[in-house]
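Below is model_27.cif, holding mmCIF, C-alpha atoms.
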data_final
loop_
_atom_site.group_PDB
_atom_site.id
_atom_site.type_symbol
_atom_site.label_atom_id
_atom_site.label_comp_id
_atom_site.auth_asym_id
_atom_site.auth_seq_id
_atom_site.Cartn_x
_atom_site.Cartn_y
_atom_site.Cartn_z
ATOM 1 C CA MET A 205 147.501 78.802 54.859
ATOM 2 C CA LYS A 206 144.453 76.594 55.451
ATOM 3 C CA LYS A 207 145.804 75.566 58.879
ATOM 4 C CA VAL A 208 146.356 79.217 59.811
ATOM 5 C CA SER A 209 142.769 80.048 58.825
ATOM 6 C CA ILE A 210 141.465 77.186 60.952
ATOM 7 C CA LEU A 211 143.540 78.332 63.924
ATOM 8 C CA LEU A 212 142.296 81.903 63.547
ATOM 9 C CA PHE A 213 138.706 80.686 63.316
ATOM 10 C CA GLY A 214 139.186 78.586 66.453
ATOM 11 C CA LEU A 215 140.634 81.583 68.295
ATOM 12 C CA LEU A 216 137.637 83.739 67.332
ATOM 13 C CA VAL A 217 135.226 81.038 68.524
ATOM 14 C CA PHE A 218 137.105 80.772 71.820
ATOM 15 C CA ILE A 219 136.934 84.548 72.303
ATOM 16 C CA ALA A 220 133.217 84.587 71.484
ATOM 17 C CA LEU A 221 132.471 81.778 73.920
ATOM 18 C CA GLY A 222 134.554 83.455 76.574
ATOM 19 C CA THR A 223 132.547 86.646 76.099
ATOM 20 C CA THR A 224 129.242 84.815 76.602
ATOM 21 C CA ASN A 225 130.547 83.445 79.890
ATOM 22 C CA ALA A 226 131.287 86.896 81.278
ATOM 23 C CA LEU A 227 128.715 88.491 83.558
ATOM 24 C CA ALA A 228 127.379 91.720 82.058
ATOM 25 C CA SER A 229 127.735 93.393 85.451
ATOM 26 C CA GLU A 230 131.462 92.615 85.458
ATOM 27 C CA CYS A 231 131.882 94.456 82.130
ATOM 28 C CA LEU A 232 130.096 97.615 83.306
ATOM 29 C CA THR A 233 131.964 100.510 84.872
ATOM 30 C CA GLN A 234 130.958 101.605 88.361
ATOM 31 C CA GLU A 235 129.502 104.789 86.854
ATOM 32 C CA GLU A 236 127.332 102.723 84.484
ATOM 33 C CA LYS A 237 126.119 100.534 87.359
ATOM 34 C CA ASP A 238 125.196 103.607 89.389
ATOM 35 C CA LEU A 239 123.278 105.111 86.452
ATOM 36 C CA LEU A 240 121.372 101.878 85.781
ATOM 37 C CA ILE A 241 120.350 101.420 89.421
ATOM 38 C CA ASN A 242 119.822 105.011 90.581
ATOM 39 C CA GLN A 243 118.528 106.696 87.411
ATOM 40 C CA VAL A 244 117.102 103.961 85.150
ATOM 41 C CA GLY A 245 115.673 102.081 88.133
ATOM 42 C CA LEU A 246 117.032 98.578 87.524
ATOM 43 C CA SER A 247 117.885 96.069 90.249
ATOM 44 C CA GLU A 248 121.129 94.218 90.936
ATOM 45 C CA GLU A 249 119.494 91.065 89.516
ATOM 46 C CA ASP A 250 118.699 92.925 86.293
ATOM 47 C CA LEU A 251 122.406 93.676 85.921
ATOM 48 C CA GLU A 252 123.099 89.958 86.377
ATOM 49 C CA ILE A 253 120.462 88.648 83.964
ATOM 50 C CA LEU A 254 120.212 91.219 81.157
ATOM 51 C CA PRO A 255 122.909 91.311 78.438
ATOM 52 C CA LEU A 256 125.481 94.073 78.287
ATOM 53 C CA GLU A 257 124.149 95.550 75.029
ATOM 54 C CA GLN A 258 120.665 96.018 76.504
ATOM 55 C CA LEU A 259 121.978 97.590 79.697
ATOM 56 C CA ARG A 260 124.047 100.096 77.732
ATOM 57 C CA MET A 261 121.086 100.760 75.436
ATOM 58 C CA PHE A 262 119.104 101.853 78.511
ATOM 59 C CA ILE A 263 121.822 104.381 79.370
ATOM 60 C CA GLU A 264 121.990 105.725 75.796
ATOM 61 C CA GLU A 265 118.185 106.019 75.640
ATOM 62 C CA ASP A 266 117.985 107.891 78.958
ATOM 63 C CA ALA A 267 115.563 105.128 79.975
ATOM 64 C CA LYS A 268 113.365 105.053 83.065
ATOM 65 C CA VAL A 269 111.495 102.140 84.667
ATOM 66 C CA VAL A 270 107.838 103.180 84.836
ATOM 67 C CA LEU A 271 106.292 99.994 86.230
ATOM 68 C CA GLU A 272 107.460 96.726 87.720
ATOM 69 C CA ASN A 273 106.065 93.607 89.334
ATOM 70 C CA SER A 274 107.863 90.726 90.966
ATOM 71 C CA GLU A 275 106.693 87.600 92.729
ATOM 72 C CA ILE A 276 107.895 84.149 93.756
ATOM 73 C CA VAL A 277 105.726 81.233 92.665
ATOM 74 C CA THR A 278 105.849 77.536 93.513
ATOM 75 C CA PHE A 279 105.421 74.747 90.969
ATOM 76 C CA TYR A 280 104.566 71.315 92.348
ATOM 77 C CA GLU A 281 106.266 68.754 90.155
ATOM 78 C CA ASN A 282 104.787 65.364 89.270
ATOM 79 C CA PRO A 283 106.206 62.237 90.954
ATOM 80 C CA VAL A 284 109.350 61.004 89.230
ATOM 81 C CA GLN A 285 109.052 57.659 87.443
ATOM 82 C CA GLU A 286 112.137 55.433 87.573
ATOM 83 C CA GLY A 287 111.696 52.493 85.242
ATOM 84 C CA ARG A 288 108.429 50.830 86.262
ATOM 85 C CA ILE A 289 108.448 52.333 89.733
ATOM 86 C CA THR A 290 106.876 55.685 90.473
ATOM 87 C CA THR A 291 108.031 57.400 93.649
ATOM 88 C CA PHE A 292 104.940 58.598 95.523
ATOM 89 C CA GLY A 293 104.748 60.614 98.701
ATOM 90 C CA THR A 294 105.604 64.288 98.806
ATOM 91 C CA ILE A 295 105.669 65.847 95.358
ATOM 92 C CA SER A 296 108.776 67.948 94.809
ATOM 93 C CA SER A 297 108.267 71.696 94.702
ATOM 94 C CA SER A 298 110.366 74.207 92.786
ATOM 95 C CA LYS A 299 110.327 77.951 93.339
ATOM 96 C CA LEU A 300 110.585 80.468 90.534
ATOM 97 C CA GLN A 301 111.044 84.233 90.777
ATOM 98 C CA LEU A 302 109.277 86.213 88.054
ATOM 99 C CA THR A 303 109.689 89.891 87.256
ATOM 100 C CA GLY A 304 108.033 92.087 84.653
ATOM 101 C CA LYS A 305 108.971 95.683 83.855
ATOM 102 C CA ALA A 306 108.160 98.473 81.428
ATOM 103 C CA VAL A 307 110.930 100.946 80.631
ATOM 104 C CA LYS A 308 110.301 104.252 78.863
ATOM 105 C CA LEU A 309 112.787 104.944 76.068
ATOM 106 C CA ALA A 310 113.495 108.068 74.034
ATOM 107 C CA ASN A 311 110.862 108.869 71.397
ATOM 108 C CA SER A 312 111.459 107.717 67.836
ATOM 109 C CA SER A 313 112.567 110.163 65.148
ATOM 110 C CA SER A 314 108.930 110.435 64.067
ATOM 111 C CA GLY A 315 107.868 111.353 67.603
ATOM 112 C CA GLN A 316 106.276 108.000 68.500
ATOM 113 C CA LYS A 317 106.592 106.979 72.140
ATOM 114 C CA ARG A 318 108.713 103.868 72.680
ATOM 115 C CA TYR A 319 108.923 101.410 75.557
ATOM 116 C CA ASN A 320 110.945 98.315 76.349
ATOM 117 C CA LEU A 321 108.917 95.547 77.956
ATOM 118 C CA TYR A 322 110.890 92.760 79.561
ATOM 119 C CA GLY A 323 110.368 89.844 81.871
ATOM 120 C CA THR A 324 112.996 87.893 83.812
ATOM 121 C CA TRP A 325 112.744 84.477 85.429
ATOM 122 C CA LYS A 326 115.042 82.720 87.870
ATOM 123 C CA TRP A 327 114.666 79.274 89.398
ATOM 124 C CA LEU A 328 115.458 79.584 93.108
ATOM 125 C CA SER A 329 115.436 75.787 93.303
ATOM 126 C CA SER A 330 116.170 73.775 90.153
ATOM 127 C CA PRO A 331 113.053 72.308 88.504
ATOM 128 C CA VAL A 332 112.534 68.546 88.477
ATOM 129 C CA ASN A 333 110.980 68.618 85.008
ATOM 130 C CA THR A 334 113.513 69.943 82.520
ATOM 131 C CA TYR A 335 111.615 70.124 79.257
ATOM 132 C CA VAL A 336 110.843 73.256 77.234
ATOM 133 C CA ASP A 337 109.451 76.196 79.211
ATOM 134 C CA GLY A 338 108.296 79.538 77.866
ATOM 135 C CA MET A 339 107.535 83.138 78.762
ATOM 136 C CA SER A 340 105.252 85.639 77.083
ATOM 137 C CA ILE A 341 104.543 89.351 77.245
ATOM 138 C CA GLY A 342 101.015 90.237 76.201
ATOM 139 C CA PHE A 343 99.115 93.496 75.892
ATOM 140 C CA GLU A 344 95.613 94.460 74.854
ATOM 141 C CA SER A 345 95.131 94.528 71.099
ATOM 142 C CA GLY A 346 93.633 97.498 69.305
ATOM 143 C CA LEU A 347 94.937 100.113 71.745
ATOM 144 C CA GLY A 348 97.798 101.420 69.613
ATOM 145 C CA ILE A 349 100.773 99.321 70.781
ATOM 146 C CA THR A 350 102.696 97.908 67.816
ATOM 147 C CA LEU A 351 105.670 95.596 67.354
ATOM 148 C CA PRO A 352 108.532 96.881 65.162
ATOM 149 C CA THR A 353 109.096 94.734 62.074
ATOM 150 C CA SER A 354 111.644 94.467 59.277
ATOM 151 C CA GLY A 355 111.910 92.024 56.389
ATOM 152 C CA GLY A 356 108.818 90.186 57.542
ATOM 153 C CA LYS A 357 110.156 89.590 61.060
ATOM 154 C CA VAL A 358 109.595 91.112 64.482
ATOM 155 C CA VAL A 359 112.736 93.069 65.458
ATOM 156 C CA GLU A 360 114.119 94.889 68.506
ATOM 157 C CA HIS A 361 113.619 91.655 70.427
ATOM 158 C CA SER A 362 115.881 89.376 72.446
ATOM 159 C CA HIS A 363 115.585 86.441 74.804
ATOM 160 C CA GLU A 364 118.123 84.292 76.604
ATOM 161 C CA TYR A 365 118.495 81.284 78.885
ATOM 162 C CA ALA A 366 121.621 80.736 80.987
ATOM 163 C CA THR A 367 122.974 78.724 83.890
ATOM 164 C CA TYR A 368 126.007 79.242 86.081
ATOM 165 C CA GLU A 369 128.947 76.899 86.509
ATOM 166 C CA ASN A 370 131.727 77.766 88.978
ATOM 167 C CA GLY A 371 130.482 81.339 89.171
ATOM 168 C CA LYS A 372 130.566 81.857 85.398
ATOM 169 C CA LYS A 373 127.592 82.483 83.162
ATOM 170 C CA ASN A 374 126.942 79.740 80.634
ATOM 171 C CA ARG A 375 124.687 81.010 77.858
ATOM 172 C CA ARG A 376 122.531 78.076 76.784
ATOM 173 C CA GLU A 377 120.329 79.905 74.291
ATOM 174 C CA TYR A 378 120.067 83.360 72.772
ATOM 175 C CA SER A 379 117.833 84.721 70.035
ATOM 176 C CA ALA A 380 117.013 88.091 68.496
ATOM 177 C CA SER A 381 113.642 86.817 67.212
ATOM 178 C CA PRO A 382 110.577 85.727 69.227
ATOM 179 C CA ASP A 383 109.495 82.087 68.960
ATOM 180 C CA ASP A 384 105.890 83.221 68.634
ATOM 181 C CA TRP A 385 104.045 86.525 68.359
ATOM 182 C CA ALA A 386 100.686 88.056 67.525
ATOM 183 C CA PRO A 387 100.268 91.399 65.708
ATOM 184 C CA GLY A 388 99.626 94.161 68.208
ATOM 185 C CA SER A 389 99.192 91.658 71.065
ATOM 186 C CA GLY A 390 102.559 90.343 72.241
ATOM 187 C CA VAL A 391 105.559 88.037 71.894
ATOM 188 C CA ALA A 392 106.760 84.763 73.401
ATOM 189 C CA ALA A 393 110.008 82.805 73.826
ATOM 190 C CA LEU A 394 110.762 79.128 74.450
ATOM 191 C CA TYR A 395 113.627 77.892 76.636
ATOM 192 C CA ASP A 396 115.043 74.355 76.440
ATOM 193 C CA ILE A 397 115.733 73.813 80.149
ATOM 194 C CA ARG A 398 118.700 71.482 80.591
ATOM 195 C CA GLN A 399 120.170 69.422 83.385
ATOM 196 C CA GLY A 400 123.293 70.699 85.075
ATOM 197 C CA GLY A 401 124.445 74.026 86.356
ATOM 198 C CA VAL A 402 122.760 76.197 88.950
ATOM 199 C CA SER A 403 120.681 79.370 88.952
ATOM 200 C CA HIS A 404 118.716 78.576 85.798
ATOM 201 C CA GLN A 405 117.513 81.977 84.609
ATOM 202 C CA GLY A 406 116.585 83.996 81.564
ATOM 203 C CA PHE A 407 114.679 86.913 80.121
ATOM 204 C CA ILE A 408 112.458 88.057 77.272
ATOM 205 C CA SER A 409 112.698 91.634 75.992
ATOM 206 C CA GLN A 410 110.718 93.526 73.363
ATOM 207 C CA ASN A 411 110.633 97.157 72.269
ATOM 208 C CA VAL A 412 107.179 98.469 71.353
ATOM 209 C CA TYR A 413 105.914 101.648 69.691
ATOM 210 C CA MET A 414 102.773 103.639 70.508
ATOM 211 C CA THR A 415 100.716 104.831 67.542
ATOM 212 C CA LYS A 416 98.547 107.002 69.805
ATOM 213 C CA SER A 417 99.945 109.887 71.844
ATOM 214 C CA THR A 418 98.213 108.706 75.038
ATOM 215 C CA GLY A 419 96.659 105.460 76.153
ATOM 216 C CA THR A 420 96.310 102.750 78.783
ATOM 217 C CA SER A 421 96.777 99.002 78.392
ATOM 218 C CA ASN A 422 96.923 95.970 80.624
ATOM 219 C CA LEU A 423 100.177 93.993 80.347
ATOM 220 C CA LYS A 424 100.343 90.277 81.052
ATOM 221 C CA PHE A 425 103.623 88.588 81.935
ATOM 222 C CA GLU A 426 103.218 84.799 81.910
ATOM 223 C CA TYR A 427 105.558 81.857 82.486
ATOM 224 C CA ALA A 428 104.824 78.332 81.241
ATOM 225 C CA HIS A 429 106.444 75.333 82.942
ATOM 226 C CA ALA A 430 106.206 72.063 81.026
ATOM 227 C CA LYS A 431 105.237 68.976 83.045
ATOM 228 C CA THR A 432 105.796 66.671 80.048
ATOM 229 C CA ALA A 433 107.704 66.733 76.777
ATOM 230 C CA PHE A 434 104.974 68.812 75.092
ATOM 231 C CA ASN A 435 106.149 72.359 74.387
ATOM 232 C CA PRO A 436 104.097 75.350 75.559
ATOM 233 C CA ALA A 437 101.887 77.021 72.940
ATOM 234 C CA PHE A 438 100.692 80.616 72.801
ATOM 235 C CA SER A 439 97.572 82.327 71.520
ATOM 236 C CA VAL A 440 95.370 85.391 71.888
ATOM 237 C CA SER A 441 92.587 84.973 74.445
ATOM 238 C CA LYS A 442 90.132 87.776 75.214
ATOM 239 C CA GLY A 443 92.318 90.187 73.309
ATOM 240 C CA VAL A 444 95.566 89.479 75.198
ATOM 241 C CA PHE A 445 98.445 87.257 74.011
ATOM 242 C CA GLY A 446 99.625 84.538 76.411
ATOM 243 C CA VAL A 447 100.072 80.842 77.165
ATOM 244 C CA THR A 448 97.486 78.472 75.735
ATOM 245 C CA VAL A 449 95.774 76.615 78.577
ATOM 246 C CA GLY A 450 96.605 72.888 78.701
ATOM 247 C CA THR A 451 96.860 70.000 81.166
ATOM 248 C CA THR A 452 100.569 69.451 80.426
ATOM 249 C CA ILE A 453 101.578 73.026 81.261
ATOM 250 C CA ASP A 454 101.679 74.832 84.617
ATOM 251 C CA THR A 455 101.447 78.604 84.385
ATOM 252 C CA ALA A 456 102.203 81.606 86.554
ATOM 253 C CA ASN A 457 101.266 85.131 85.547
ATOM 254 C CA PHE A 458 100.627 88.633 86.782
ATOM 255 C CA ALA A 459 99.162 91.765 85.299
ATOM 256 C CA SER A 460 100.277 95.396 85.212
ATOM 257 C CA THR A 461 98.751 98.558 83.762
ATOM 258 C CA LEU A 462 100.842 100.734 81.467
ATOM 259 C CA LYS A 463 99.849 104.360 80.880
ATOM 260 C CA TRP A 464 101.614 106.510 78.316
#

Now that the file is in, can you turn its structure into structure tokens?
Amino acid sequence: MKKVSILLFGLLVFIALGTTNALASECLTQEEKDLLINQVGLSEEDLEILPLEQLRMFIEEDAKVVLENSEIVTFYENPVQEGRITTFGTISSSKLQLTGKAVKLANSSSGQKRYNLYGTWKWLSSPVNTYVDGMSIGFESGLGITLPTSGGKVVEHSHEYATYENGKKNRREYSASPDDWAPGSGVAALYDIRQGGVSHQGFISQNVYMTKSTGTSNLKFEYAHAKTAFNPAFSVSKGVFGVTVGTTIDTANFASTLKW
């Protein structure tokens, strides 16, 4: 009986791992893809990066993209040290595509307006430094944007890091809780970038609620690329949550304005 239980457990693990390797876009019907692109306003890359449950949540919520920003940034990596020899000359450069979006969701049962804020990142050329990177979504505090909580934790959150091997998605990390957050100011996630695979990419997603019927807030989407083994840190600066400035971290960010 014990052997049978072990075999069944192994089969369930295999099925679960196989599911994480499937592209979300491959599990969607053509009708769902059309709805997400033509009505919600997502891109083909969103269908590749975002998980299936979030994509279907957008359909159920009759969601609509209300703002988006995207840009490609270049990080210039430090010279690589091999033993006692440091290779000088041209410093390697790595390009990263960043995207930030705000998606309007259906109102809550109490009538509060709800939005999903998410950022995606994708290395167009693999980074030389593979330490722990991070991404944050910040908004102005005191303007009526709140984070949903339950049991002392921030909820309605997710973030993921994945690579691709032989055309299959390899989920490296996934979490339903932010690695850092500030009340009414934003959330952040850390990603342990690893060697191997191609198309290193990930996302951070957070639902937020508006306590005021109308308002305007600046949003800040920020990516932190570690140049050394020191992890990125986050804090509130001038009322907006984001990456803490430091000499061991390169940052890229852009701002948007959300009106509701």

What would the selection look like, as a PDB file with C-alpha atoms, keeping the file's coordinate frame, if the PyMOL selection byres ((chain A and resi 342-352) around 7) were run on the coordinates I just shared?
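Final output, result-v2.pdb:
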ATOM      1  CA  SER A 340     105.252  85.639  77.083  1.00  0.00           C
ATOM      2  CA  ILE A 341     104.543  89.351  77.245  1.00  0.00           C
ATOM      3  CA  THR A 353     109.096  94.734  62.074  1.00  0.00           C
ATOM      4  CA  VAL A 358     109.595  91.112  64.482  1.00  0.00           C
ATOM      5  CA  VAL A 359     112.736  93.069  65.458  1.00  0.00           C
ATOM      6  CA  GLU A 360     114.119  94.889  68.506  1.00  0.00           C
ATOM      7  CA  GLY A 388      99.626  94.161  68.208  1.00  0.00           C
ATOM      8  CA  SER A 389      99.192  91.658  71.065  1.00  0.00           C
ATOM      9  CA  GLY A 390     102.559  90.343  72.241  1.00  0.00           C
ATOM     10  CA  VAL A 391     105.559  88.037  71.894  1.00  0.00           C
ATOM     11  CA  VAL A 412     107.179  98.469  71.353  1.00  0.00           C
ATOM     12  CA  TYR A 413     105.914 101.648  69.691  1.00  0.00           C
ATOM     13  CA  MET A 414     102.773 103.639  70.508  1.00  0.00           C
ATOM     14  CA  THR A 415     100.716 104.831  67.542  1.00  0.00           C
ATOM     15  CA  LYS A 416      98.547 107.002  69.805  1.00  0.00           C
ATOM     16  CA  SER A 421      96.777  99.002  78.392  1.00  0.00           C
ATOM     17  CA  ASN A 422      96.923  95.970  80.624  1.00  0.00           C
ATOM     18  CA  LEU A 423     100.177  93.993  80.347  1.00  0.00           C
ATOM     19  CA  LYS A 424     100.343  90.277  81.052  1.00  0.00           C
ATOM     20  CA  PHE A 425     103.623  88.588  81.935  1.00  0.00           C
ATOM     21  CA  GLY A 443      92.318  90.187  73.309  1.00  0.00           C
ATOM     22  CA  VAL A 444      95.566  89.479  75.198  1.00  0.00           C
ATOM     23  CA  PHE A 445      98.445  87.257  74.011  1.00  0.00           C
ATOM     24  CA  GLY A 446      99.625  84.538  76.411  1.00  0.00           C
TER      25      GLY A 446
END

May I have the protein, DNA and RNA residues with any atom at most 12 Å from the point (121.1, 103.6, 77.8), counting only C-alpha atoms, written as a list of chain:residue names?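 Residues lying no farther than 12 Å from the given point: A:Glu236, A:Lys237, A:Leu239, A:Leu240, A:Ile241, A:Gln243, A:Val244, A:Gly245, A:Leu246, A:Leu256, A:Glu257, A:Gln258, A:Leu259, A:Arg260, A:Met261, A:Phe262, A:Ile263, A:Glu264, A:Glu265, A:Asp266, A:Ala267, A:Lys268, A:Val269, A:Val307, A:Lys308, A:Leu309, A:Ala310, A:Asn320.
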
Picked residues, the PyMOL selection byres ((chain A and resi 399) around 10), as a list in words: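 When the PyMOL selection byres ((chain A and resi 399) around 10) is applied, the selected residues are Ser330, Pro331, Val332, Asn333, Thr334, Tyr335, Thr367, Asp396, Ile397, Arg398, Gly400, Gly401, Val402 and His404 of chain A.
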
From A:Glu230, A:Gly371, A:Leu328, A:Thr303, residue lying nearest Phe279 in chain A [all atoms listed in the file]: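 Using all atoms listed in the file, Phe279 in chain A sits closest to A:Leu328.
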
As lines of an AutoDock Vina configuration file, what would the box around range 388-394 of chain A look like: edges along x, y and z, 4 Å added on every side, centre and edge lengths in Å to one decimal?
center_x = 105.0
center_y = 86.6
center_z = 71.3
size_x = 19.6
size_y = 23.0
size_z = 14.2

From the list A:Leu321, A:Asp383, A:Phe407, A:Tyr378, which residue is nearest Val270 in chain A when using all atoms listed in the file? A:Leu321

Which value, in Å to one decimal, gives the distance between CA of Gly304 in chain A and CA of Glu235 in chain A?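 Distance between the two atoms: 25.0 Å.
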
Could you tell me how far CA of Ser460 in chain A lies from CA of Lys317 in chain A, in Å and to one decimal?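 Distance reported for this atom pair: 18.6 Å.
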
Atom-to-atom span, CA of Asp337 in chain A and CA of Ser441 in chain A, Å: 19.6 Å

Given only C-alpha atoms as the basis, pick out the residue of A:Ser298, A:Thr461, A:Ser439, A:Thr432 nearest to Thr420 in chain A. A:Thr461

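Using only C-alpha atoms, the nearest neighbour of Gln301 in chain A within the list A:Ala456, A:Leu394, A:Ile408, A:Val447 is A:Ala456.
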
I'd like the neighbourhood of Glu364 in chain A as an MDAnalysis selection string, where a residue qualifies if any of its atoms comes within 9 Å (using only C-alpha atoms), though same-chain residues fewer than 3 positions away should be ignored. chainID A and resid 253:255 375:379 393 395 405:408

Near-His361 in chain A list (7 Å; all atoms listed in the file; drop same-chain fewer than 6 positions) as a ChimeraX atom specification: /A:380-382,409-411

Go ahead and save the residues from that selection, with C-alpha atoms, as a PDB file, in the coordinates of the input.
ATOM      1  CA  ALA A 380     117.013  88.091  68.496  1.00  0.00           C
ATOM      2  CA  SER A 381     113.642  86.817  67.212  1.00  0.00           C
ATOM      3  CA  PRO A 382     110.577  85.727  69.227  1.00  0.00           C
ATOM      4  CA  SER A 409     112.698  91.634  75.992  1.00  0.00           C
ATOM      5  CA  GLN A 410     110.718  93.526  73.363  1.00  0.00           C
ATOM      6  CA  ASN A 411     110.633  97.157  72.269  1.00  0.00           C
TER       7      ASN A 411
END

Long-range neighbours of Lys431 in chain A as a PyMOL selection string, 8 Å cut-off, only C-alpha atoms, 3 positions minimum in chain: chain A and resi 281-282+333+335+434+452-454

Ranking A:Thr233, A:Thr324, A:Thr455, A:Asn273 by minimum distance to Glu426 in chain A and counting all atoms listed in the file, which one comes first? A:Thr455

Out of A:Lys442, A:Ser354, A:Trp385, A:Tyr280, which residue has the shortest atom-to-atom distance to Ala430 in chain A when counting only C-alpha atoms?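 Answer, going by the shortest atom-to-atom distance: A:Tyr280.
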